[in-house]
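Pasted below: coords29.pdb, PDB, C-alpha atoms and all ligand atoms.
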ATOM      1  CA  MET S  20    -169.207 -54.433 -73.361
ATOM      2  CA  ARG S  21    -169.338 -50.639 -73.283
ATOM      3  CA  THR S  22    -172.053 -48.685 -71.502
ATOM      4  CA  ILE S  23    -173.535 -45.900 -73.621
ATOM      5  CA  VAL S  24    -176.024 -43.457 -72.105
ATOM      6  CA  ILE S  25    -178.147 -41.576 -74.660
ATOM      7  CA  THR S  26    -180.564 -38.791 -73.811
ATOM      8  CA  GLY S  27    -183.143 -38.458 -76.580
ATOM      9  CA  GLY S  28    -182.402 -42.050 -77.539
ATOM     10  CA  THR S  29    -185.989 -42.829 -78.541
ATOM     11  CA  ASP S  30    -186.026 -40.816 -81.761
ATOM     12  CA  GLY S  31    -183.972 -39.134 -84.477
ATOM     13  CA  MET S  32    -180.202 -39.304 -84.213
ATOM     14  CA  GLY S  33    -180.238 -40.554 -80.611
ATOM     15  CA  ARG S  34    -182.349 -43.512 -81.700
ATOM     16  CA  ALA S  35    -180.059 -44.254 -84.641
ATOM     17  CA  LEU S  36    -177.138 -44.383 -82.209
ATOM     18  CA  ALA S  37    -179.050 -46.593 -79.775
ATOM     19  CA  ARG S  38    -179.797 -49.039 -82.594
ATOM     20  CA  HIS S  39    -176.172 -49.053 -83.656
ATOM     21  CA  TYR S  40    -174.865 -49.810 -80.167
ATOM     22  CA  LEU S  41    -177.449 -52.494 -79.508
ATOM     23  CA  ALA S  42    -176.453 -54.180 -82.747
ATOM     24  CA  ALA S  43    -172.802 -53.872 -81.719
ATOM     25  CA  GLY S  44    -173.547 -55.661 -78.432
ATOM     26  CA  ASP S  45    -173.036 -52.695 -76.121
ATOM     27  CA  ARG S  46    -175.183 -51.851 -73.124
ATOM     28  CA  VAL S  47    -177.434 -48.876 -73.896
ATOM     29  CA  VAL S  48    -179.332 -46.644 -71.494
ATOM     30  CA  VAL S  49    -181.996 -44.686 -73.359
ATOM     31  CA  ILE S  50    -183.566 -41.633 -71.769
ATOM     32  CA  GLY S  51    -186.690 -40.047 -73.216
ATOM     33  CA  ARG S  52    -190.345 -39.503 -72.456
ATOM     34  CA  ASP S  53    -192.040 -42.079 -74.651
ATOM     35  CA  ARG S  54    -191.724 -45.733 -73.639
ATOM     36  CA  ALA S  55    -193.685 -46.871 -76.709
ATOM     37  CA  LYS S  56    -190.952 -45.475 -78.968
ATOM     38  CA  PHE S  57    -188.372 -47.382 -76.943
ATOM     39  CA  GLU S  58    -190.375 -50.615 -77.346
ATOM     40  CA  THR S  59    -190.323 -50.219 -81.152
ATOM     41  CA  LEU S  60    -186.583 -49.574 -80.969
ATOM     42  CA  LEU S  61    -186.141 -52.801 -79.009
ATOM     43  CA  ASP S  62    -188.267 -54.736 -81.478
ATOM     44  CA  ALA S  63    -186.129 -53.518 -84.361
ATOM     45  CA  ALA S  64    -182.810 -53.953 -82.580
ATOM     46  CA  GLY S  65    -183.716 -57.246 -80.888
ATOM     47  CA  SER S  66    -184.345 -59.169 -84.053
ATOM     48  CA  GLN S  67    -181.430 -57.576 -85.855
ATOM     49  CA  ALA S  68    -178.863 -57.697 -83.083
ATOM     50  CA  MET S  69    -179.566 -60.757 -81.052
ATOM     51  CA  PRO S  70    -181.729 -63.224 -82.937
ATOM     52  CA  ASP S  71    -181.220 -66.025 -80.418
ATOM     53  CA  SER S  72    -181.512 -64.042 -77.258
ATOM     54  CA  ASP S  73    -184.281 -62.345 -75.309
ATOM     55  CA  ALA S  74    -181.717 -60.476 -73.261
ATOM     56  CA  VAL S  75    -181.255 -57.250 -75.162
ATOM     57  CA  PRO S  76    -179.011 -55.134 -72.915
ATOM     58  CA  ALA S  77    -181.061 -52.005 -73.163
ATOM     59  CA  GLU S  78    -182.650 -49.962 -70.453
ATOM     60  CA  PHE S  79    -185.220 -47.205 -70.758
ATOM     61  CA  ILE S  80    -185.552 -44.425 -68.220
ATOM     62  CA  ALA S  81    -188.624 -42.249 -68.682
ATOM     63  CA  ALA S  82    -187.965 -38.626 -67.874
ATOM     64  CA  ASP S  83    -188.875 -35.119 -68.878
ATOM     65  CA  LEU S  84    -185.500 -33.435 -69.134
ATOM     66  CA  SER S  85    -187.031 -29.983 -68.866
ATOM     67  CA  SER S  86    -187.882 -30.877 -65.252
ATOM     68  CA  ILE S  87    -185.086 -30.403 -62.717
ATOM     69  CA  ALA S  88    -186.667 -32.998 -60.409
ATOM     70  CA  ASP S  89    -186.708 -35.556 -63.245
ATOM     71  CA  ILE S  90    -183.144 -34.772 -64.305
ATOM     72  CA  ARG S  91    -181.846 -35.273 -60.761
ATOM     73  CA  ARG S  92    -183.841 -38.509 -60.378
ATOM     74  CA  VAL S  93    -182.424 -39.920 -63.625
ATOM     75  CA  VAL S  94    -178.849 -38.956 -62.832
ATOM     76  CA  GLU S  95    -179.202 -40.693 -59.456
ATOM     77  CA  GLN S  96    -180.687 -43.803 -61.075
ATOM     78  CA  VAL S  97    -177.933 -44.017 -63.676
ATOM     79  CA  ARG S  98    -175.319 -43.584 -60.931
ATOM     80  CA  ARG S  99    -176.937 -46.323 -58.844
ATOM     81  CA  GLU S 100    -177.093 -48.784 -61.706
ATOM     82  CA  HIS S 101    -173.810 -48.124 -63.517
ATOM     83  CA  GLU S 102    -170.323 -47.962 -62.065
ATOM     84  CA  ARG S 103    -168.804 -47.007 -65.416
ATOM     85  CA  ILE S 104    -170.039 -45.025 -68.402
ATOM     86  CA  ASP S 105    -167.990 -45.158 -71.585
ATOM     87  CA  ALA S 106    -169.980 -42.645 -73.611
ATOM     88  CA  LEU S 107    -172.592 -40.067 -72.712
ATOM     89  CA  VAL S 108    -174.530 -38.760 -75.721
ATOM     90  CA  LEU S 109    -176.681 -35.687 -75.113
ATOM     91  CA  ALA S 110    -179.278 -35.606 -77.898
ATOM     92  CA  ALA S 111    -182.648 -34.755 -76.328
ATOM     93  CA  SER S 112    -184.331 -32.004 -78.306
ATOM     94  CA  PHE S 113    -187.666 -30.235 -78.284
ATOM     95  CA  ILE S 114    -187.648 -27.014 -80.278
ATOM     96  CA  ARG S 115    -189.680 -24.188 -78.806
ATOM     97  CA  GLN S 116    -189.862 -21.049 -80.872
ATOM     98  CA  ARG S 117    -191.344 -19.110 -77.980
ATOM     99  CA  ARG S 118    -190.358 -18.648 -74.370
ATOM    100  CA  GLN S 119    -192.122 -21.133 -72.134
ATOM    101  CA  LEU S 120    -191.990 -21.629 -68.381
ATOM    102  CA  THR S 121    -191.999 -25.127 -66.899
ATOM    103  CA  ASN S 122    -194.169 -26.137 -63.922
ATOM    104  CA  GLU S 123    -191.068 -25.517 -61.801
ATOM    105  CA  GLY S 124    -190.922 -21.917 -63.063
ATOM    106  CA  TYR S 125    -187.829 -22.189 -65.268
ATOM    107  CA  GLU S 126    -187.422 -21.367 -68.943
ATOM    108  CA  ALA S 127    -187.954 -24.703 -70.681
ATOM    109  CA  SER S 128    -185.390 -24.471 -73.496
ATOM    110  CA  TRP S 129    -182.634 -23.264 -71.170
ATOM    111  CA  VAL S 130    -183.269 -26.251 -68.901
ATOM    112  CA  LEU S 131    -183.573 -28.879 -71.657
ATOM    113  CA  PHE S 132    -180.729 -27.662 -73.840
ATOM    114  CA  PHE S 133    -178.246 -26.588 -71.192
ATOM    115  CA  VAL S 134    -179.068 -27.080 -67.508
ATOM    116  CA  SER S 135    -179.958 -30.755 -67.998
ATOM    117  CA  LYS S 136    -176.699 -31.311 -69.885
ATOM    118  CA  TYR S 137    -174.722 -29.562 -67.152
ATOM    119  CA  LEU S 138    -176.352 -31.794 -64.510
ATOM    120  CA  PHE S 139    -175.675 -34.974 -66.534
ATOM    121  CA  VAL S 140    -172.055 -34.113 -67.267
ATOM    122  CA  THR S 141    -171.210 -33.052 -63.712
ATOM    123  CA  GLY S 142    -173.422 -35.662 -62.011
ATOM    124  CA  LEU S 143    -171.920 -38.555 -63.997
ATOM    125  CA  ALA S 144    -168.319 -37.266 -64.015
ATOM    126  CA  ASP S 145    -166.962 -39.998 -61.748
ATOM    127  CA  ARG S 146    -168.777 -42.716 -63.728
ATOM    128  CA  LEU S 147    -167.132 -41.417 -66.907
ATOM    129  CA  ARG S 148    -163.798 -41.219 -65.139
ATOM    130  CA  ALA S 149    -164.112 -44.950 -64.401
ATOM    131  CA  ALA S 150    -164.000 -45.713 -68.150
ATOM    132  CA  GLY S 151    -160.720 -46.253 -69.991
ATOM    133  CA  ARG S 152    -161.422 -43.745 -72.765
ATOM    134  CA  PRO S 153    -164.522 -41.771 -71.797
ATOM    135  CA  ILE S 154    -166.350 -39.418 -74.118
ATOM    136  CA  VAL S 155    -169.221 -36.934 -73.944
ATOM    137  CA  VAL S 156    -170.873 -36.115 -77.275
ATOM    138  CA  ASN S 157    -173.028 -33.049 -76.863
ATOM    139  CA  THR S 158    -175.183 -32.456 -79.946
ATOM    140  CA  ALA S 159    -175.038 -28.685 -79.623
ATOM    141  CA  VAL S 160    -174.067 -27.043 -82.900
ATOM    142  CA  PRO S 161    -170.695 -25.369 -82.264
ATOM    143  CA  GLY S 162    -169.708 -21.838 -83.157
ATOM    144  CA  ALA S 163    -171.935 -19.416 -81.237
ATOM    145  CA  ARG S 164    -170.450 -16.014 -80.391
ATOM    146  CA  ALA S 165    -168.411 -15.658 -77.211
ATOM    147  CA  ASP S 166    -170.828 -13.070 -75.788
ATOM    148  CA  ALA S 167    -174.006 -15.048 -76.481
ATOM    149  CA  ILE S 168    -174.823 -15.703 -72.801
ATOM    150  CA  ASP S 169    -177.085 -13.324 -70.898
ATOM    151  CA  PHE S 170    -175.662 -13.822 -67.409
ATOM    152  CA  ASP S 171    -178.124 -11.403 -65.814
ATOM    153  CA  ASP S 172    -181.176 -13.105 -67.260
ATOM    154  CA  PRO S 173    -180.380 -16.539 -68.745
ATOM    155  CA  GLY S 174    -184.084 -17.435 -68.710
ATOM    156  CA  MET S 175    -184.557 -14.395 -70.989
ATOM    157  CA  SER S 176    -187.575 -12.901 -69.254
ATOM    158  CA  GLN S 177    -186.774  -9.866 -71.410
ATOM    159  CA  GLY S 178    -186.024  -9.978 -75.108
ATOM    160  CA  PHE S 179    -186.431 -13.706 -75.749
ATOM    161  CA  THR S 180    -185.987 -14.725 -79.360
ATOM    162  CA  PHE S 181    -185.420 -18.214 -80.712
ATOM    163  CA  ALA S 182    -182.093 -17.129 -82.190
ATOM    164  CA  ARG S 183    -180.821 -15.611 -78.898
ATOM    165  CA  SER S 184    -181.932 -18.588 -76.842
ATOM    166  CA  ASN S 185    -180.388 -21.031 -79.317
ATOM    167  CA  ALA S 186    -177.062 -19.170 -79.446
ATOM    168  CA  GLN S 187    -176.929 -18.937 -75.647
ATOM    169  CA  GLN S 188    -177.348 -22.669 -75.084
ATOM    170  CA  ARG S 189    -174.861 -23.516 -77.834
ATOM    171  CA  ARG S 190    -172.253 -21.212 -76.311
ATOM    172  CA  ALA S 191    -172.880 -22.555 -72.804
ATOM    173  CA  ASN S 192    -172.498 -26.139 -74.044
ATOM    174  CA  GLU S 193    -169.159 -25.324 -75.618
ATOM    175  CA  LEU S 194    -167.978 -23.802 -72.340
ATOM    176  CA  LEU S 195    -169.213 -26.816 -70.383
ATOM    177  CA  GLY S 196    -166.393 -28.767 -72.032
ATOM    178  CA  LEU S 197    -163.862 -26.625 -70.140
ATOM    179  CA  LEU S 198    -165.334 -27.689 -66.831
ATOM    180  CA  ALA S 199    -165.675 -31.336 -67.855
ATOM    181  CA  THR S 200    -162.135 -31.724 -69.183
ATOM    182  CA  ALA S 201    -160.606 -29.778 -66.269
ATOM    183  CA  GLY S 202    -162.148 -32.391 -63.951
ATOM    184  CA  ASP S 203    -160.810 -35.273 -66.073
ATOM    185  CA  PRO S 204    -157.957 -34.652 -68.536
ATOM    186  CA  ARG S 205    -158.595 -38.069 -70.127
ATOM    187  CA  LEU S 206    -162.161 -37.134 -71.051
ATOM    188  CA  ALA S 207    -163.055 -36.330 -74.654
ATOM    189  CA  TYR S 208    -165.774 -33.669 -74.787
ATOM    190  CA  VAL S 209    -167.169 -32.985 -78.247
ATOM    191  CA  THR S 210    -169.765 -30.450 -79.293
ATOM    192  CA  TRP S 211    -171.153 -31.860 -82.497
ATOM    193  CA  GLY S 212    -173.683 -30.719 -85.080
ATOM    194  CA  PRO S 213    -174.601 -32.437 -88.338
ATOM    195  CA  SER S 214    -173.172 -31.044 -91.582
ATOM    196  CA  GLY S 215    -176.688 -30.318 -92.883
ATOM    197  CA  LEU S 216    -180.291 -31.119 -92.106
ATOM    198  CA  VAL S 217    -181.130 -34.589 -90.855
ATOM    199  CA  ARG S 218    -184.504 -36.211 -91.505
ATOM    200  CA  THR S 219    -185.614 -36.548 -87.873
ATOM    201  CA  SER S 220    -188.851 -35.886 -86.017
ATOM    202  CA  PHE S 221    -187.924 -32.225 -85.284
ATOM    203  CA  ALA S 222    -190.073 -32.566 -82.175
ATOM    204  CA  GLY S 223    -191.224 -29.225 -80.874
ATOM    205  CA  GLU S 224    -193.741 -26.429 -80.732
ATOM    206  CA  VAL S 225    -192.946 -24.241 -83.685
ATOM    207  CA  GLY S 226    -194.887 -22.006 -86.034
ATOM    208  CA  PRO S 227    -196.141 -23.240 -89.417
ATOM    209  CA  GLY S 228    -193.230 -21.522 -91.230
ATOM    210  CA  MET S 229    -190.539 -23.458 -89.391
ATOM    211  CA  LYS S 230    -192.584 -26.664 -89.496
ATOM    212  CA  ILE S 231    -193.073 -26.521 -93.261
ATOM    213  CA  THR S 232    -189.454 -25.525 -93.934
ATOM    214  CA  ALA S 233    -188.120 -28.374 -91.798
ATOM    215  CA  ALA S 234    -190.506 -30.892 -93.381
ATOM    216  CA  ILE S 235    -189.718 -29.833 -96.962
ATOM    217  CA  LEU S 236    -185.973 -29.328 -96.561
ATOM    218  CA  GLY S 237    -185.665 -32.403 -94.360
ATOM    219  CA  THR S 238    -187.400 -34.564 -96.956
ATOM    220  CA  ILE S 239    -185.546 -33.140 -99.959
ATOM    221  CA  ALA S 240    -182.082 -32.510 -98.557
ATOM    222  CA  GLY S 241    -182.026 -34.208 -95.164
ATOM    223  CA  LYS S 242    -179.705 -37.103 -94.430
ATOM    224  CA  ARG S 243    -181.026 -40.287 -92.888
ATOM    225  CA  PRO S 244    -180.299 -40.318 -89.145
ATOM    226  CA  ASP S 245    -178.280 -43.557 -89.359
ATOM    227  CA  VAL S 246    -176.063 -41.924 -91.997
ATOM    228  CA  ALA S 247    -175.791 -38.606 -90.145
ATOM    229  CA  VAL S 248    -174.556 -40.246 -86.927
ATOM    230  CA  ARG S 249    -171.632 -42.137 -88.497
ATOM    231  CA  PRO S 250    -169.128 -39.426 -87.493
ATOM    232  CA  ILE S 251    -170.363 -39.693 -83.896
ATOM    233  CA  ILE S 252    -169.765 -43.448 -83.963
ATOM    234  CA  ASP S 253    -166.201 -42.844 -85.174
ATOM    235  CA  LEU S 254    -165.604 -40.286 -82.409
ATOM    236  CA  ILE S 255    -166.877 -42.690 -79.758
ATOM    237  CA  ASP S 256    -164.718 -45.509 -81.135
ATOM    238  CA  SER S 257    -161.546 -43.379 -80.951
ATOM    239  CA  PRO S 258    -162.032 -40.640 -78.376
ATOM    240  CA  ALA S 259    -159.290 -38.012 -78.207
ATOM    241  CA  PRO S 260    -158.895 -36.429 -74.757
ATOM    242  CA  GLY S 261    -159.789 -32.736 -74.490
ATOM    243  CA  ARG S 262    -162.353 -30.456 -76.056
ATOM    244  CA  ALA S 263    -163.244 -30.561 -79.725
ATOM    245  CA  ALA S 264    -166.022 -29.424 -82.035
ATOM    246  CA  TYR S 265    -167.325 -30.928 -85.281
ATOM    247  CA  ARG S 266    -169.827 -30.304 -88.049
ATOM    248  CA  GLY S 267    -170.393 -33.784 -89.419
ATOM    249  CA  THR S 268    -166.906 -35.206 -89.993
ATOM    250  CA  LYS S 269    -165.220 -31.780 -90.190
ATOM    251  CA  PRO S 270    -163.480 -30.288 -87.160
ATOM    252  CA  ALA S 271    -164.870 -26.859 -86.277
ATOM    253  CA  THR S 272    -162.984 -24.100 -84.517
ATOM    254  CA  LEU S 273    -163.778 -23.734 -80.843
ATOM    255  CA  VAL S 274    -164.796 -20.160 -80.120
ATOM    256  CA  ARG S 275    -162.383 -18.570 -77.654
ATOM    257  CA  GLY S 276    -163.656 -15.660 -75.585
ATOM    258  CA  GLU S 277    -161.600 -13.449 -73.310
ATOM    259  CA  HIS S 278    -163.251 -14.775 -70.155
ATOM    260  CA  ASP S 279    -164.113 -18.387 -70.929
ATOM    261  CA  ARG S 280    -163.020 -19.839 -67.587
ATOM    262  CA  GLU S 281    -164.758 -17.106 -65.604
ATOM    263  CA  ASP S 282    -167.859 -17.539 -67.751
ATOM    264  CA  ILE S 283    -168.213 -21.282 -67.141
ATOM    265  CA  ALA S 284    -167.497 -20.742 -63.432
ATOM    266  CA  ARG S 285    -170.334 -18.171 -63.340
ATOM    267  CA  LEU S 286    -172.679 -20.568 -65.092
ATOM    268  CA  ALA S 287    -171.776 -23.377 -62.716
ATOM    269  CA  GLN S 288    -172.370 -21.126 -59.685
ATOM    270  CA  MET S 289    -175.675 -19.982 -61.104
ATOM    271  CA  ILE S 290    -176.894 -23.523 -61.647
ATOM    272  CA  GLU S 291    -175.765 -24.788 -58.239
ATOM    273  CA  ARG S 292    -177.573 -21.793 -56.680
ATOM    274  CA  ASP S 293    -180.763 -21.602 -58.743
ATOM    275  CA  PHE S 294    -181.564 -25.173 -59.772
ATOM    276  CA  ARG S 295    -181.580 -27.040 -56.477
TER     277      ARG S 295
HETATM  278  N1  LIG S 301    -182.226 -32.861 -87.142
HETATM  279  C1  LIG S 301    -181.374 -31.914 -87.552
HETATM  280  O1  LIG S 301    -181.291 -31.589 -88.745
HETATM  281  C2  LIG S 301    -180.487 -31.235 -86.542
HETATM  282  C3  LIG S 301    -179.720 -30.136 -86.958
HETATM  283  C4  LIG S 301    -178.867 -29.515 -86.042
HETATM  284  C5  LIG S 301    -178.779 -29.984 -84.753
HETATM  285  N2  LIG S 301    -179.537 -31.046 -84.357
HETATM  286  C6  LIG S 301    -179.402 -31.499 -82.960
HETATM  287  O2  LIG S 301    -179.271 -32.917 -82.896
HETATM  288  C7  LIG S 301    -179.834 -33.400 -81.674
HETATM  289  C8  LIG S 301    -180.819 -34.518 -81.967
HETATM  290  O3  LIG S 301    -181.872 -33.962 -82.729
HETATM  291  P1  LIG S 301    -182.917 -34.833 -83.557
HETATM  292  O4  LIG S 301    -183.359 -33.983 -84.678
HETATM  293  O5  LIG S 301    -182.337 -36.170 -83.798
HETATM  294  O6  LIG S 301    -184.102 -34.947 -82.472
HETATM  295  P2  LIG S 301    -185.586 -35.517 -82.628
HETATM  296  O7  LIG S 301    -185.714 -36.483 -83.763
HETATM  297  O8  LIG S 301    -186.533 -34.369 -82.574
HETATM  298  O9  LIG S 301    -185.715 -36.387 -81.290
HETATM  299  C9  LIG S 301    -185.692 -35.728 -80.078
HETATM  300  C10 LIG S 301    -185.437 -36.699 -78.953
HETATM  301  O10 LIG S 301    -185.436 -35.958 -77.726
HETATM  302  C11 LIG S 301    -186.349 -36.544 -76.810
HETATM  303  N3  LIG S 301    -186.971 -35.484 -76.011
HETATM  304  C12 LIG S 301    -187.644 -34.399 -76.448
HETATM  305  N4  LIG S 301    -188.055 -33.658 -75.412
HETATM  306  C13 LIG S 301    -187.639 -34.299 -74.287
HETATM  307  C14 LIG S 301    -187.778 -34.033 -72.905
HETATM  308  N5  LIG S 301    -188.403 -32.956 -72.443
HETATM  309  N6  LIG S 301    -187.235 -34.909 -72.034
HETATM  310  C15 LIG S 301    -186.582 -36.023 -72.484
HETATM  311  N7  LIG S 301    -186.419 -36.325 -73.781
HETATM  312  C16 LIG S 301    -186.947 -35.472 -74.670
HETATM  313  C17 LIG S 301    -187.358 -37.283 -77.688
HETATM  314  O11 LIG S 301    -187.856 -38.383 -76.971
HETATM  315  P3  LIG S 301    -189.391 -38.616 -76.568
HETATM  316  O12 LIG S 301    -190.214 -38.359 -77.770
HETATM  317  O13 LIG S 301    -189.368 -40.036 -76.095
HETATM  318  O14 LIG S 301    -189.607 -37.657 -75.460
HETATM  319  C18 LIG S 301    -186.474 -37.785 -78.816
HETATM  320  O15 LIG S 301    -185.842 -38.986 -78.430
HETATM  321  C19 LIG S 301    -180.456 -32.194 -80.994
HETATM  322  O16 LIG S 301    -179.567 -31.690 -80.039
HETATM  323  C20 LIG S 301    -180.631 -31.196 -82.113
HETATM  324  O17 LIG S 301    -180.588 -29.855 -81.649
HETATM  325  C21 LIG S 301    -180.384 -31.675 -85.223
END

Do you think you could lay out the structure here as C-alpha cells?
Amino acid sequence: MRTIVITGGTDGMGRALARHYLAAGDRVVVIGRDRAKFETLLDAAGSQAMPDSDAVPAEFIAADLSSIADIRRVVEQVRREHERIDALVLAASFIRQRRQLTNEGYEASWVLFFVSKYLFVTGLADRLRAAGRPIVVNTAVPGARADAIDFDDPGMSQGFTFARSNAQQRRANELLGLLATAGDPRLAYVTWGPSGLVRTSFAGEVGPGMKITAAILGTIAGKRPDVAVRPIIDLIDSPAPGRAAYRGTKPATLVRGEHDREDIARLAQMIERDFR
C-alpha cells in the first residue's frame, strides 16, 4: 500500500486524486481546511472502494496552508505518523487577485503557493527518501521567465500584480525541484499544469471579471477533474528520477536561467531566515 499525501485534497483536482487512490487501496493523507468536504469524499470513496469495510485508509489534517504555524504543525504531524511517503501532491489553491497579508504578516499567496510547498518538500524529504520510487507533483504551471522572482521584495509590498505574483511562485516552484533532487537523486520532481481549464471550484477572492470568465470557460471548455488528473496518475505510477515539467500529458521545457542554483539557494536562505 502506497502512502500519498495531497494538499488541497478536499476539492478540485486534489480531491479527484484522493478518490482515485482510495479506490486503488492506497493510504491517503488529505490536507485542507474543510473537514465537511473530506467527509463527503469519504462517503463517495468508501462505498465505491471498500464496500465491505469501514476501514477506509484515509486521514484528514485540517490546516490553513497560508499560516506558517499551521504548515509547520502539519509537516510535524505527517512526519510523526508516516515513516514513508511515496507521493507528495501539492495542489492547495486559493486565488487572490490582490495582495493580502496574513495574520502572521506575510503575503498570503507567496506563502500558500510557494513557502508552504518549500516547507513540505524540505520537511518531508527523508520520508520521501524512504520510498522506493518517490515523487513530488507540484501543480505549479511550468514556464515562467527566469527573472520572475523579486528577491528584494518577494512579498511584493511594491508593485504587486496578480500576473507578477503568479509568475514568481511558478518560477520558484520550478527551482525548488533543483533543491529537492539534489538532496535525493532518486526523487522525481514534476511541475505540472493541466493542458487547459479544469472544471474545479476555483476557490479564491477574485473580481467579477475573473469569476465570470472562469465559470463560463470552465463550464464550456473545462475538463472534469477526474479526467484532467489522469496524467498525474501515470506520472505517480512510473516516476522518473530528476526534474520534469508537463502540461497535461505533454512534457514542457524547463526554463534554464543563468543563476538557477544561486537563485534557489537564495530562496532557501530567505525562507529559513524569515519564516521561522
Ligand atoms: N482548475 C484549473 O483550470 C487550473 C489551471 C491551472 C492550474 N491549476 C492548478 O491546479 C491546482 C489545483 O487547483 P484546483 O482548481 O483543483 O483547486 P480548487 O478546486 O480551487 O481546490 C483548491 C483546494 O485547495 C484547498 N485550499 C485552499 N486554500 C487553502 C488553504 N489556505 N489551506 C489549505 N488548503 C487550502 C481547498 O481545500 P478547502 O476548501 O478544504 O480549504 C481545496 O481542496 C492548483 O495549484 C491550481 O493553481 C488549476

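Using all atoms listed in the file, the shortest contact distance between ligand LIG 301 (chain S) and any of S:Met175, S:Leu216, S:Val155, S:Leu61 is found at S:Leu216.
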
task: Extract, using all atoms listed in the file, all DNA, RNA and protein residues at most 9 Å from Ala271 (chain S), discarding same-chain residues fewer than 2 positions from it, and format them as a VMD selection string.
output: chain S and resid 161 to 162 211 263 to 266 269 273

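The shortest atom-to-atom distance to Ile50 (chain S), with all atoms listed in the file taken into account, belongs to S:Gly28 out of S:Pro260, S:Gly28, S:Gly215, S:Gly223.
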
Determine, using all atoms listed in the file, which residues of chain S have any atom at most 8 Å from an atom of ligand LIG 301 (chain S), and tabulate each with its shortest atom pair and distance in Å to one decimal place, rows ordered by chain and then rising number, as a Markdown table.
| residue | atom | partner | partner_atom | distance |
| --- | --- | --- | --- | --- |
| S:Thr26 | CA | S:LIG301 | N7 | 6.4 |
| S:Gly27 | CA | S:LIG301 | O15 | 3.3 |
| S:Gly28 | CA | S:LIG301 | O15 | 4.7 |
| S:Thr29 | CA | S:LIG301 | O15 | 3.8 |
| S:Asp30 | CA | S:LIG301 | O15 | 3.8 |
| S:Gly31 | CA | S:LIG301 | O7 | 3.3 |
| S:Met32 | CA | S:LIG301 | O5 | 3.8 |
| S:Gly33 | CA | S:LIG301 | O5 | 5.8 |
| S:Arg34 | CA | S:LIG301 | O15 | 6.6 |
| S:Ile50 | CA | S:LIG301 | N7 | 6.4 |
| S:Gly51 | CA | S:LIG301 | N7 | 3.8 |
| S:Arg52 | CA | S:LIG301 | O14 | 3.6 |
| S:Asp53 | CA | S:LIG301 | O13 | 3.7 |
| S:Arg54 | CA | S:LIG301 | O13 | 6.6 |
| S:Lys56 | CA | S:LIG301 | O13 | 6.4 |
| S:Phe57 | CA | S:LIG301 | O13 | 7.5 |
| S:Ala81 | CA | S:LIG301 | C15 | 7.6 |
| S:Ala82 | CA | S:LIG301 | C15 | 5.5 |
| S:Asp83 | CA | S:LIG301 | N6 | 3.6 |
| S:Leu84 | CA | S:LIG301 | N6 | 3.7 |
| S:Ser85 | CA | S:LIG301 | N5 | 4.8 |
| S:Ser86 | CA | S:LIG301 | N5 | 7.5 |
| S:Leu109 | CA | S:LIG301 | O16 | 7.0 |
| S:Ala110 | CA | S:LIG301 | C7 | 4.4 |
| S:Ala111 | CA | S:LIG301 | O10 | 3.3 |
| S:Ser112 | CA | S:LIG301 | O10 | 4.1 |
| S:Phe113 | CA | S:LIG301 | N4 | 4.5 |
| S:Ile114 | CA | S:LIG301 | O17 | 7.7 |
| S:Leu131 | CA | S:LIG301 | N5 | 6.4 |
| S:Phe132 | CA | S:LIG301 | O16 | 7.5 |
| S:Asn157 | CA | S:LIG301 | O16 | 7.4 |
| S:Thr158 | CA | S:LIG301 | O16 | 4.5 |
| S:Ala159 | CA | S:LIG301 | O16 | 5.5 |
| S:Val160 | CA | S:LIG301 | C5 | 5.9 |
| S:Gly212 | CA | S:LIG301 | C5 | 5.2 |
| S:Pro213 | CA | S:LIG301 | C4 | 5.7 |
| S:Gly215 | CA | S:LIG301 | O1 | 6.3 |
| S:Leu216 | CA | S:LIG301 | O1 | 3.5 |
| S:Val217 | CA | S:LIG301 | O1 | 3.7 |
| S:Arg218 | CA | S:LIG301 | N1 | 6.0 |
| S:Thr219 | CA | S:LIG301 | O7 | 4.1 |
| S:Ser220 | CA | S:LIG301 | O7 | 3.9 |
| S:Phe221 | CA | S:LIG301 | O8 | 3.7 |
| S:Ala222 | CA | S:LIG301 | O8 | 4.0 |
| S:Gly223 | CA | S:LIG301 | O8 | 7.2 |
| S:Gly237 | CA | S:LIG301 | O1 | 7.2 |
| S:Gly241 | CA | S:LIG301 | O1 | 7.0 |
| S:Pro244 | CA | S:LIG301 | O5 | 7.1 |

- prompt: So how many Å separate CA of Leu143 (chain S) and CA of Ala63 (chain S), to one decimal?
  reply: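 Taking CA of Leu143 (chain S) and CA of Ala63 (chain S), their separation equals 29.0 Å.
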
message: Please list as number ranges by chain every residue within 9 Å of Glu126 (chain S), counting all atoms listed in the file and excluding residues in the same chain fewer than 5 positions away.
response: S: 85, 118-121, 131, 173-176

message: Which residues, named as in the file, does the PyMOL selection byres (((chain S and resi 194) around 12) and not hetatm) pick out? Answer as an MDAnalysis selection string.
response: chainID S and resid 133 136:137 157 159 161:168 187:193 195:201 208:210 262:264 273:276 278:287

message: Give me, as a ChimeraX atom specification, all polymer residues having an atom no more than 10 Å from Ala88 (chain S), counting all atoms listed in the file and skipping those fewer than 6 positions away in the same chain.
response: /S:82,123,294-295
